[in-house]
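Pasting model.txt here (compact mmCIF, C-alpha atoms and all ligand atoms):
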# COMPACT_ATOMS: atom_id res chain seq x y z
CA MET A 1 -48.91 -8.28 -76.17
CA LYS A 2 -50.33 -10.96 -73.88
CA ASN A 3 -50.59 -10.26 -70.14
CA SER A 4 -48.01 -12.94 -69.19
CA GLN A 5 -45.50 -11.51 -71.67
CA LYS A 6 -46.01 -8.04 -70.16
CA VAL A 7 -45.24 -9.34 -66.63
CA SER A 8 -42.01 -11.09 -67.66
CA LYS A 9 -40.77 -7.97 -69.55
CA LEU A 10 -41.46 -5.86 -66.45
CA ALA A 11 -39.63 -8.39 -64.28
CA GLU A 12 -36.65 -8.35 -66.59
CA LEU A 13 -36.64 -4.58 -66.44
CA GLN A 14 -36.88 -4.53 -62.66
CA ASN A 15 -34.28 -7.23 -62.35
CA SER A 16 -31.85 -5.47 -64.59
CA THR A 17 -32.43 -2.18 -62.67
CA MET A 18 -31.68 -3.98 -59.41
CA GLU A 19 -28.64 -5.66 -60.99
CA LYS A 20 -27.39 -2.27 -62.07
CA GLN A 21 -28.01 -0.79 -58.64
CA LEU A 22 -26.18 -3.65 -56.96
CA ASN A 23 -23.21 -3.38 -59.32
CA THR A 24 -23.01 0.38 -58.79
CA LEU A 25 -23.24 -0.13 -55.03
CA GLN A 26 -20.39 -2.65 -55.14
CA GLU A 27 -18.22 -0.34 -57.23
CA ASP A 28 -18.92 2.64 -54.99
CA ALA A 29 -18.19 0.69 -51.83
CA LEU A 30 -14.88 -0.68 -53.15
CA GLU A 31 -13.86 2.74 -54.40
CA SER A 32 -14.65 4.43 -51.07
CA LEU A 33 -12.79 1.67 -49.24
CA LYS A 34 -9.57 2.58 -51.03
CA LYS A 35 -9.57 6.00 -49.33
CA ILE A 36 -10.13 4.66 -45.78
CA ASN A 37 -7.09 4.59 -43.48
CA ASN A 38 -8.46 4.20 -39.98
CA LEU A 39 -10.77 1.81 -38.15
CA GLU A 40 -13.26 4.46 -37.15
CA LYS A 41 -13.94 5.50 -40.75
CA LEU A 42 -14.02 1.84 -41.78
CA LYS A 43 -16.80 1.15 -39.26
CA GLU A 44 -18.75 4.14 -40.64
CA LEU A 45 -18.42 2.77 -44.18
CA GLU A 46 -19.61 -0.68 -43.07
CA VAL A 47 -22.71 0.86 -41.50
CA GLU A 48 -23.30 3.03 -44.57
CA TYR A 49 -23.32 0.10 -47.01
CA LEU A 50 -24.20 -3.03 -45.02
CA GLY A 51 -25.94 -1.65 -41.89
CA ARG A 52 -29.63 -2.27 -41.12
CA LYS A 53 -30.55 1.07 -42.65
CA GLY A 54 -27.70 0.99 -45.15
CA LYS A 55 -27.62 1.27 -48.94
CA LEU A 56 -27.79 -2.49 -49.60
CA THR A 57 -30.92 -2.88 -47.45
CA GLU A 58 -32.44 0.02 -49.32
CA ILE A 59 -31.92 -1.74 -52.70
CA LEU A 60 -33.18 -5.06 -51.33
CA ARG A 61 -36.49 -3.42 -50.45
CA GLY A 62 -37.19 -3.52 -54.21
CA LEU A 63 -37.10 -7.35 -54.11
CA LYS A 64 -40.74 -7.45 -53.08
CA ASP A 65 -41.71 -6.14 -56.55
CA VAL A 66 -39.67 -8.75 -58.40
CA PRO A 67 -41.80 -11.69 -59.64
CA ALA A 68 -41.39 -14.96 -57.72
CA GLU A 69 -39.43 -16.81 -60.47
CA GLN A 70 -36.86 -14.00 -60.68
CA LYS A 71 -36.37 -13.65 -56.92
CA PRO A 72 -33.77 -16.45 -56.43
CA LEU A 73 -31.50 -14.88 -59.03
CA ALA A 74 -31.86 -11.40 -57.53
CA GLY A 75 -31.26 -12.85 -54.05
CA GLN A 76 -28.10 -14.64 -55.19
CA LEU A 77 -26.78 -11.47 -56.76
CA SER A 78 -27.38 -9.36 -53.67
CA ASN A 79 -25.71 -12.00 -51.45
CA LYS A 80 -22.71 -12.02 -53.76
CA VAL A 81 -22.39 -8.22 -53.60
CA LYS A 82 -22.77 -8.30 -49.81
CA THR A 83 -20.00 -10.93 -49.48
CA ILE A 84 -17.66 -9.01 -51.79
CA ILE A 85 -18.12 -5.80 -49.84
CA SER A 86 -17.79 -7.40 -46.38
CA ASP A 87 -14.68 -9.42 -47.42
CA ALA A 88 -13.11 -6.21 -48.72
CA ILE A 89 -13.93 -4.45 -45.43
CA GLU A 90 -12.35 -7.30 -43.41
CA ALA A 91 -9.21 -7.24 -45.56
CA LYS A 92 -8.98 -3.46 -45.08
CA LYS A 93 -9.39 -3.87 -41.33
CA GLN A 94 -6.46 -6.30 -41.13
CA GLU A 95 -4.34 -4.01 -43.25
CA ILE A 96 -5.04 -0.99 -40.99
CA GLU A 97 -4.30 -3.01 -37.82
CA ARG A 98 -1.02 -4.28 -39.24
CA ILE A 99 0.02 -0.76 -40.20
CA ASP A 100 -0.87 0.51 -36.67
CA VAL A 101 1.29 -2.15 -34.97
CA GLU A 102 4.22 -1.50 -37.31
CA LYS A 103 3.88 2.22 -36.66
CA SER A 104 3.94 1.86 -32.86
CA LEU A 105 6.93 -0.51 -33.07
CA ASN A 106 8.77 1.94 -35.30
CA GLU A 107 7.97 4.80 -32.93
CA GLY A 108 10.00 3.11 -30.21
CA PHE A 109 9.88 0.71 -27.27
CA PHE A 110 6.46 0.18 -25.70
CA ASP A 111 6.76 -0.79 -22.02
CA THR A 112 3.71 -2.93 -21.16
CA THR A 113 4.67 -2.88 -17.44
CA ALA A 114 4.71 0.93 -17.16
CA PRO A 115 1.98 2.26 -14.80
CA SER A 116 -0.88 4.02 -16.50
CA THR A 117 -0.89 7.78 -16.43
CA SER A 118 -4.11 7.79 -14.43
CA SER A 119 -2.63 5.92 -11.43
CA GLN A 120 -2.74 7.73 -8.10
CA ILE A 121 0.37 9.06 -6.44
CA GLY A 122 0.69 7.90 -2.83
CA THR A 123 1.65 9.93 0.22
CA ILE A 124 4.09 9.11 2.98
CA HIS A 125 2.41 7.31 5.87
CA PRO A 126 2.40 9.49 9.03
CA VAL A 127 4.07 6.72 11.08
CA PHE A 128 6.88 6.44 8.55
CA GLU A 129 7.25 10.20 8.29
CA THR A 130 7.57 10.60 12.07
CA LEU A 131 9.88 7.59 12.27
CA THR A 132 12.22 9.18 9.72
CA GLU A 133 12.37 12.34 11.84
CA VAL A 134 12.96 10.33 15.03
CA GLU A 135 15.81 8.47 13.32
CA ASN A 136 17.34 11.71 12.05
CA ILE A 137 17.30 13.38 15.48
CA PHE A 138 18.82 10.38 17.27
CA SER A 139 21.39 9.85 14.49
CA GLN A 140 22.52 13.44 14.96
CA MET A 141 22.98 12.71 18.67
CA GLY A 142 25.30 9.80 17.79
CA PHE A 143 22.82 6.90 18.05
CA THR A 144 22.90 4.12 15.45
CA ILE A 145 19.70 2.55 14.11
CA ALA A 146 19.41 -1.15 14.95
CA ASP A 147 17.02 -3.75 13.60
CA GLY A 148 15.71 -7.09 14.82
CA PRO A 149 13.32 -9.84 13.71
CA GLU A 150 9.56 -9.44 14.16
CA ILE A 151 9.25 -13.18 14.77
CA GLU A 152 11.33 -13.65 17.91
CA SER A 153 12.13 -16.48 20.28
CA GLU A 154 10.69 -16.47 23.79
CA TYR A 155 14.28 -16.32 24.97
CA TYR A 156 15.05 -12.92 23.39
CA ASN A 157 11.56 -11.48 23.90
CA PHE A 158 11.33 -12.47 27.59
CA THR A 159 13.96 -14.70 29.25
CA ALA A 160 17.06 -12.69 28.34
CA LEU A 161 15.21 -9.55 29.47
CA ASN A 162 15.01 -10.89 33.01
CA ILE A 163 11.47 -12.26 32.61
CA PRO A 164 11.87 -15.99 33.38
CA ASP A 165 9.43 -18.69 32.21
CA ASP A 166 6.82 -18.50 34.94
CA HIS A 167 7.29 -14.86 35.85
CA PRO A 168 3.93 -13.03 36.12
CA ALA A 169 5.44 -10.13 34.10
CA ARG A 170 4.97 -12.27 30.96
CA ASP A 171 1.24 -11.71 31.40
CA MET A 172 1.72 -7.94 31.08
CA GLN A 173 2.00 -8.39 27.33
CA ASP A 174 -0.51 -10.79 25.70
CA THR A 175 1.50 -12.76 23.20
CA PHE A 176 0.88 -14.29 19.76
CA PHE A 177 2.60 -17.68 19.58
CA VAL A 178 3.72 -18.60 16.08
CA GLU A 179 4.06 -22.38 16.44
CA GLN A 180 3.60 -25.20 18.94
CA THR A 181 7.11 -26.62 18.63
CA GLN A 182 9.63 -25.45 21.14
CA HIS A 183 13.38 -24.88 20.76
CA PRO A 184 15.23 -26.53 23.71
CA GLU A 185 17.01 -23.27 24.68
CA HIS A 186 15.06 -20.48 22.98
CA GLY A 187 11.49 -21.71 23.63
CA HIS A 188 8.58 -20.97 21.31
CA GLN A 189 8.62 -18.56 18.39
CA VAL A 190 6.45 -15.51 19.14
CA LEU A 191 5.54 -12.26 17.40
CA ARG A 192 7.68 -9.85 19.41
CA THR A 193 5.61 -7.91 21.93
CA GLN A 194 8.22 -5.16 22.33
CA THR A 195 11.39 -3.86 20.64
CA SER A 196 13.45 -4.61 23.79
CA PRO A 197 14.84 -7.95 22.42
CA VAL A 198 16.96 -5.88 20.01
CA GLN A 199 18.90 -4.68 23.10
CA ILE A 200 20.17 -8.21 23.76
CA ARG A 201 20.97 -8.91 20.11
CA ALA A 202 22.90 -5.62 19.78
CA MET A 203 24.85 -6.12 23.04
CA LYS A 204 25.88 -9.62 21.94
CA GLU A 205 26.86 -8.47 18.47
CA HIS A 206 28.67 -5.21 19.25
CA GLY A 207 29.53 -5.27 22.98
CA ALA A 208 30.04 -2.01 24.97
CA PRO A 209 30.02 0.96 24.60
CA LEU A 210 26.73 1.14 22.72
CA ARG A 211 24.34 3.89 21.67
CA LEU A 212 21.37 2.86 19.56
CA ILE A 213 17.69 3.15 18.85
CA ALA A 214 15.68 0.19 17.55
CA PRO A 215 12.39 1.15 15.92
CA GLY A 216 9.93 -1.44 14.64
CA ARG A 217 6.57 -3.13 14.64
CA VAL A 218 5.39 -5.06 17.68
CA PHE A 219 2.33 -7.24 18.21
CA ARG A 220 0.04 -7.91 21.15
CA ASN A 221 -3.00 -10.14 21.37
CA GLU A 222 -5.15 -7.34 22.74
CA ALA A 223 -8.72 -6.20 22.29
CA THR A 224 -8.44 -3.01 20.25
CA ASP A 225 -9.90 0.39 21.10
CA ALA A 226 -9.19 4.03 20.21
CA SER A 227 -5.73 3.93 21.82
CA HIS A 228 -4.83 0.20 21.63
CA ASP A 229 -4.07 -1.78 18.50
CA SER A 230 -2.75 -5.34 18.10
CA THR A 231 0.01 -4.12 15.74
CA PHE A 232 1.82 -0.88 16.54
CA HIS A 233 5.25 0.71 16.38
CA GLN A 234 7.69 1.20 19.24
CA VAL A 235 11.11 2.80 19.44
CA GLU A 236 13.65 1.28 21.80
CA GLY A 237 16.63 3.28 23.03
CA LEU A 238 19.79 1.91 24.64
CA LEU A 239 22.92 3.61 25.87
CA ILE A 240 25.72 1.59 27.53
CA ASP A 241 28.98 3.18 28.62
CA LYS A 242 31.01 4.04 31.70
CA ASP A 243 29.62 6.50 34.29
CA ILE A 244 26.17 6.77 32.79
CA SER A 245 23.25 8.08 34.83
CA ILE A 246 19.57 8.92 34.45
CA ALA A 247 20.57 12.59 34.10
CA HIS A 248 21.88 11.70 30.60
CA LEU A 249 18.55 10.08 29.77
CA LYS A 250 16.62 13.16 30.86
CA GLY A 251 18.83 15.41 28.76
CA VAL A 252 18.61 13.18 25.67
CA LEU A 253 14.80 12.88 25.90
CA GLU A 254 14.20 16.60 26.40
CA GLN A 255 16.46 17.37 23.48
CA PHE A 256 14.73 14.75 21.32
CA LEU A 257 11.17 15.92 22.09
CA THR A 258 12.02 19.62 21.80
CA ARG A 259 13.44 19.01 18.33
CA LEU A 260 10.62 16.73 17.24
CA PHE A 261 7.83 19.11 18.31
CA ASP A 262 9.84 22.25 17.58
CA LYS A 263 9.03 23.77 20.97
CA LYS A 264 10.42 23.45 24.50
CA VAL A 265 9.29 20.16 26.05
CA SER A 266 10.03 19.01 29.62
CA VAL A 267 10.00 15.42 30.88
CA ARG A 268 9.37 14.00 34.33
CA PHE A 269 10.01 10.57 35.83
CA ARG A 270 7.70 8.52 38.03
CA PRO A 271 8.57 5.13 39.54
CA GLY A 272 7.52 2.26 37.24
CA TYR A 273 8.11 -1.48 37.01
CA PHE A 274 9.76 -3.22 34.06
CA PRO A 275 11.73 -6.42 34.85
CA PHE A 276 14.64 -5.46 32.57
CA VAL A 277 15.50 -2.17 34.32
CA GLU A 278 16.33 -1.27 37.90
CA PRO A 279 15.31 1.31 38.97
CA GLY A 280 12.45 1.63 36.46
CA PHE A 281 10.44 4.69 35.49
CA GLU A 282 7.38 5.85 33.69
CA VAL A 283 8.32 8.95 31.70
CA ASP A 284 5.80 11.73 30.95
CA PHE A 285 6.24 14.87 28.86
CA SER A 286 4.64 18.27 29.35
CA CYS A 287 1.37 18.51 27.44
CA LEU A 288 1.86 20.25 24.12
CA ILE A 289 -1.76 21.21 23.71
CA CYS A 290 -2.18 23.21 26.94
CA GLU A 291 1.53 23.74 27.68
CA GLY A 292 1.17 22.14 31.11
CA LYS A 293 -1.91 24.05 32.25
CA GLY A 294 -4.27 21.06 31.99
CA CYS A 295 -6.69 20.02 29.20
CA ARG A 296 -8.76 17.05 27.97
CA VAL A 297 -5.84 15.46 26.12
CA CYS A 298 -3.64 15.30 29.26
CA LYS A 299 -6.67 14.54 31.45
CA HIS A 300 -6.05 17.89 33.21
CA LEU A 301 -2.69 16.72 34.56
CA GLY A 302 -0.47 18.93 32.40
CA TRP A 303 1.59 15.80 31.60
CA VAL A 304 1.19 13.07 28.95
CA GLU A 305 2.29 9.47 29.60
CA PHE A 306 5.05 8.72 27.15
CA MET A 307 7.13 5.62 27.84
CA GLY A 308 8.92 3.16 30.08
CA ALA A 309 12.60 3.56 30.94
CA GLY A 310 15.25 2.78 33.53
CA MET A 311 18.80 1.69 34.25
CA VAL A 312 19.55 -1.60 32.46
CA HIS A 313 19.28 -4.52 34.92
CA PRO A 314 22.61 -6.34 35.56
CA ASN A 315 20.96 -9.65 34.50
CA VAL A 316 20.20 -8.11 31.11
CA LEU A 317 23.79 -6.90 30.72
CA LYS A 318 24.89 -10.44 31.59
CA ALA A 319 22.55 -11.96 28.95
CA GLY A 320 24.05 -9.46 26.50
CA GLU A 321 27.58 -10.63 27.52
CA ILE A 322 28.56 -7.20 28.92
CA ASP A 323 30.54 -6.84 32.16
CA SER A 324 28.15 -5.07 34.55
CA GLU A 325 31.05 -4.19 36.90
CA LYS A 326 32.58 -2.00 34.20
CA TYR A 327 29.59 -0.74 32.27
CA GLN A 328 26.11 0.49 32.99
CA GLY A 329 23.46 2.23 30.95
CA TRP A 330 19.85 3.08 30.45
CA ALA A 331 17.11 1.93 28.15
CA PHE A 332 13.76 3.30 27.12
CA GLY A 333 10.86 2.18 24.96
CA PHE A 334 8.06 4.38 23.64
CA GLY A 335 5.00 3.83 21.51
CA LEU A 336 5.73 5.59 18.23
CA THR A 337 2.14 5.13 17.10
CA ARG A 338 0.80 7.02 20.12
CA LEU A 339 3.33 9.78 19.48
CA VAL A 340 2.06 10.06 15.89
CA MET A 341 -1.53 10.31 17.20
CA MET A 342 -0.51 13.17 19.46
CA ARG A 343 1.46 14.90 16.73
CA TYR A 344 -1.34 14.86 14.15
CA LYS A 345 -4.26 14.87 16.62
CA ILE A 346 -5.54 11.48 15.36
CA PRO A 347 -8.50 10.41 17.50
CA ASP A 348 -8.36 6.61 16.83
CA ILE A 349 -5.16 4.53 16.59
CA ARG A 350 -6.86 2.00 14.25
CA LEU A 351 -7.09 4.58 11.47
CA LEU A 352 -3.33 4.23 11.04
CA THR A 353 -3.50 0.58 10.01
CA SER A 354 -6.91 0.72 8.32
CA GLY A 355 -5.53 1.37 4.82
CA ASP A 356 -8.40 3.84 4.35
CA LEU A 357 -7.35 6.19 1.54
CA ARG A 358 -9.70 8.95 2.71
CA PHE A 359 -7.65 9.09 5.92
CA LEU A 360 -4.20 8.53 4.37
CA LYS A 361 -4.60 11.16 1.65
CA GLN A 362 -4.72 13.88 4.31
CA PHE A 363 -0.99 13.50 4.95
C1 LIG B 401 7.33 -1.87 26.93
O1 LIG B 401 6.96 -2.43 25.90
C2 LIG B 401 8.76 -1.86 27.34
N1 LIG B 401 9.53 -2.71 26.47
C3 LIG B 401 9.29 -0.41 27.30
C4 LIG B 401 10.62 -0.25 28.00
C5 LIG B 401 11.78 -0.36 27.29
C6 LIG B 401 10.67 -0.01 29.37
C7 LIG B 401 13.01 -0.21 27.91
C8 LIG B 401 11.88 0.13 30.01
C9 LIG B 401 13.04 0.05 29.27
P1 LIG B 401 4.95 -1.00 27.55
O2 LIG B 401 4.26 -2.31 27.54
O3 LIG B 401 4.48 -0.02 28.55
O4 LIG B 401 6.50 -1.15 27.72
O5 LIG B 401 4.84 -0.35 26.09
C10 LIG B 401 5.54 0.82 25.74
C11 LIG B 401 4.65 1.79 24.99
O6 LIG B 401 4.01 1.12 23.91
C12 LIG B 401 3.49 2.36 25.81
O7 LIG B 401 3.90 3.46 26.54
C13 LIG B 401 2.50 2.74 24.74
O8 LIG B 401 2.81 4.01 24.21
C14 LIG B 401 2.75 1.72 23.67
N2 LIG B 401 1.71 0.68 23.67
C15 LIG B 401 1.55 -0.36 24.53
N3 LIG B 401 0.50 -1.13 24.19
C16 LIG B 401 -0.03 -0.55 23.07
C17 LIG B 401 -1.13 -0.88 22.22
N4 LIG B 401 -1.87 -1.96 22.39
N5 LIG B 401 -1.38 -0.07 21.16
C18 LIG B 401 -0.59 1.02 20.96
N6 LIG B 401 0.46 1.38 21.70
C19 LIG B 401 0.74 0.60 22.76
Just give me the structure as structure tokens.
Amino acid sequence: MKNSQKVSKLAELQNSTMEKQLNTLQEDALESLKKINNLEKLKELEVEYLGRKGKLTEILRGLKDVPAEQKPLAGQLSNKVKTIISDAIEAKKQEIERIDVEKSLNEGFFDTTAPSTSSQIGTIHPVFETLTEVENIFSQMGFTIADGPEIESEYYNFTALNIPDDHPARDMQDTFFVEQTQHPEHGHQVLRTQTSPVQIRAMKEHGAPLRLIAPGRVFRNEATDASHDSTFHQVEGLLIDKDISIAHLKGVLEQFLTRLFDKKVSVRFRPGYFPFVEPGFEVDFSCLICEGKGCRVCKHLGWVEFMGAGMVHPNVLKAGEIDSEKYQGWAFGFGLTRLVMMRYKIPDIRLLTSGDLRFLKQF
């Protein structure tokens, strides 16, 4: 046998061996595919047959020994086998995905808006928690809870509270003005600087007698520090009836604080100026930390500054359309946020509006 004849016989032999190997590989792959029923196993099969170190690559290594004239044929055959296997894998993939969707639909309703199971559960904000307690205590003493707008008119925030346009008392509370335009009677729109405007709204709406608290957010254009924020909470109190005196206020406040702090608390009154009350007072309560003996928190006074209060000024009763000859009453306003600081020993008021979860999760 001539040399050239020997080479072509060998090539035929090698080619037919490779052909056999490729056919067997295709059959094996298609057979294994029939048993696959999930995407994970399907991926493993793809890697096993078509991956870089897979069975097909292994067979194709033999191509280098196939003579040049036979290579195109062998190449075509291996491409064909590769396409058949990868088409079958793709078809299987679609079939598995379709079955998965049908299964989840059959299993019941799937709510895409439901929160994921890993979402964090929040806690009640300390200001809100204390506010709820304050509301409960006053409700049990017969006070209703009143509400008012956070964007107020200058009229309700100042004028009706006996603070006329050019009165220097307007400077006591730095104000955020909402817009330039001015209502002919009610003036500019402002972010309310205090909860006191709710007094006027409630008097006009319900008349006398009246017994309410009005909690809410207030805003002041102030530089912030550890005890001052530009947004904080106040609670307003108002009682209008016949024969009302400051003695009632003292009793109500002592009762309120004793129940809130769950220990006996005393209050004292000092003269104070607020245009909407006459006479006006600053109210302090006995320090809860040192029980009146004197400590850093109360600046060694034994008393903590708590709020402003006084007998409602007749001009305010008039603005609220209440007959000041028949009725009188008292009002108070305290900083709820400062009370929360005292209650939980929070050293900086700004932590309460920071939204910092490390702080909030402690409550
Ligand atoms: C008032 O706002 C009066 N409306 C209170 C009042 C009502 C007096 C009824 C008489 C009758 P004052 O500006 O002092 O008063 O504020 C009341 C309380 O709000 C203060 O005692 C303080 O606890 C709190 N407060 C005031 N400014 C800030 C601030 N920047 N940050 C946090 N709390 C504050």
I want to know what sits within 12 Å of Asp87 of chain A, based on only C-alpha atoms, with residues of the same chain fewer than 3 positions away left out; could you give that as a PDB file with C-alpha atoms, in the frame of the given file?
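Ended up saving to around_38.pdb:
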ATOM      1  CA  GLN A  26     -20.390  -2.650 -55.140  1.00  0.00           C
ATOM      2  CA  ALA A  29     -18.190   0.690 -51.830  1.00  0.00           C
ATOM      3  CA  LEU A  30     -14.880  -0.680 -53.150  1.00  0.00           C
ATOM      4  CA  LEU A  33     -12.790   1.670 -49.240  1.00  0.00           C
ATOM      5  CA  GLU A  46     -19.610  -0.680 -43.070  1.00  0.00           C
ATOM      6  CA  LEU A  50     -24.200  -3.030 -45.020  1.00  0.00           C
ATOM      7  CA  LYS A  80     -22.710 -12.020 -53.760  1.00  0.00           C
ATOM      8  CA  VAL A  81     -22.390  -8.220 -53.600  1.00  0.00           C
ATOM      9  CA  LYS A  82     -22.770  -8.300 -49.810  1.00  0.00           C
ATOM     10  CA  THR A  83     -20.000 -10.930 -49.480  1.00  0.00           C
ATOM     11  CA  ILE A  84     -17.660  -9.010 -51.790  1.00  0.00           C
ATOM     12  CA  GLU A  90     -12.350  -7.300 -43.410  1.00  0.00           C
ATOM     13  CA  ALA A  91      -9.210  -7.240 -45.560  1.00  0.00           C
ATOM     14  CA  LYS A  92      -8.980  -3.460 -45.080  1.00  0.00           C
ATOM     15  CA  LYS A  93      -9.390  -3.870 -41.330  1.00  0.00           C
ATOM     16  CA  GLN A  94      -6.460  -6.300 -41.130  1.00  0.00           C
TER      17      GLN A  94
END
Within 9 Å of ligand LIG 401 (chain B), counting only C-alpha atoms and all ligand atoms, which protein or nucleic acid residues do you find, written as JSON, numbers by chain?
{"A": [172, 173, 193, 194, 195, 196, 197, 199, 218, 219, 220, 221, 222, 223, 224, 225, 226, 227, 228, 229, 230, 231, 232, 233, 234, 235, 236, 237, 238, 272, 273, 274, 275, 276, 277, 280, 281, 282, 283, 305, 306, 307, 308, 309, 310, 311, 312, 330, 331, 332, 333, 334, 335, 336, 337, 338, 339, 349]}
Can you work out the spacing between atom CA of Leu260 of chain A and atom CA of Ala247 of chain A in Å, to one decimal?
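About the pair atom CA of Leu260 of chain A and atom CA of Ala247 of chain A: they are 20.0 Å apart.
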Determine the nearest neighbour of Ile137 of chain A from the options A:His167, A:Lys250, A:Arg259, A:Lys318, counting all atoms listed in the file.
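Among A:His167, A:Lys250, A:Arg259, A:Lys318, it is A:Arg259 that comes nearest to Ile137 of chain A.
Checking A:Glu129, A:Met203, A:Lys345, A:His186 one by one against Asp323 of chain A, counting all atoms listed in the file, you find the shortest gap at A:Met203.
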Expressed in Å to a single decimal, how great is the separation between atom CA of Lys41 of chain A and atom CA of Gly108 of chain A?
26.3 Å
For Glu321 of chain A: contacts at 10 Å, all atoms listed in the file, fewer than 3 positions along chain excluded, given as a tab-separated table (two decimals) with C-alpha atoms, keeping the file's coordinate frame:
chain	number	residue	atom	x	y	z
A	200	ILE	CA	20.17	-8.21	23.76
A	203	MET	CA	24.85	-6.12	23.04
A	204	LYS	CA	25.88	-9.62	21.94
A	205	GLU	CA	26.86	-8.47	18.47
A	206	HIS	CA	28.67	-5.21	19.25
A	207	GLY	CA	29.53	-5.27	22.98
A	208	ALA	CA	30.04	-2.01	24.97
A	315	ASN	CA	20.96	-9.65	34.50
A	316	VAL	CA	20.20	-8.11	31.11
A	317	LEU	CA	23.79	-6.90	30.72
A	318	LYS	CA	24.89	-10.44	31.59
A	324	SER	CA	28.15	-5.07	34.55
Asp241 of chain A surroundings by only C-alpha atoms, 10 Å radius, close-in-sequence under 6 positions cut, as a ChimeraX atom specification:
/A:208-211,326-330
Residues within 10 Å of Leu351 of chain A, only C-alpha atoms, excluding chain neighbours under 4 positions, as number ranges by chain
A: 226, 229, 341, 346-347, 355-356, 359-360
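One distance worth recording is that between atom CA of Phe128 of chain A and atom CA of Val340 of chain A, which is 9.5 Å.
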Return the single residue from A:Ile99, A:Ala319, A:Leu253, A:Cys287 that is closest to Met342 of chain A, with distances computed using all atoms listed in the file.
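Checking each of A:Ile99, A:Ala319, A:Leu253, A:Cys287 against Met342 of chain A, counting all atoms listed in the file, the winner is A:Cys287.
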Looking at all atoms listed in the file, which of A:Arg270, A:Leu249, A:Leu352, A:Thr144 is the one that sits closest to Pro215 of chain A?
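Looking only at the distances to Pro215 of chain A, the closest residue turns out to be A:Thr144.
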What's around Val190 of chain A at 8 Å? Count only C-alpha atoms, leave out sequence neighbours fewer than 6 positions away in its own chain, and write the answer as a list in words.
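Answer for this query is Ile151, Glu152, Ser153, Glu154, Thr175, Phe176, Phe177, Val178 and Glu179 of chain A.
Taking all atoms listed in the file into account, Glu44 of chain A lies nearest to A:Ile89 out of the set A:Ile89, A:Val198, A:Ala114, A:Ala214.
Taking all atoms listed in the file into account, Asp243 of chain A lies nearest to A:Glu325 out of the set A:Glu325, A:Ile59, A:Lys34, A:Phe261.
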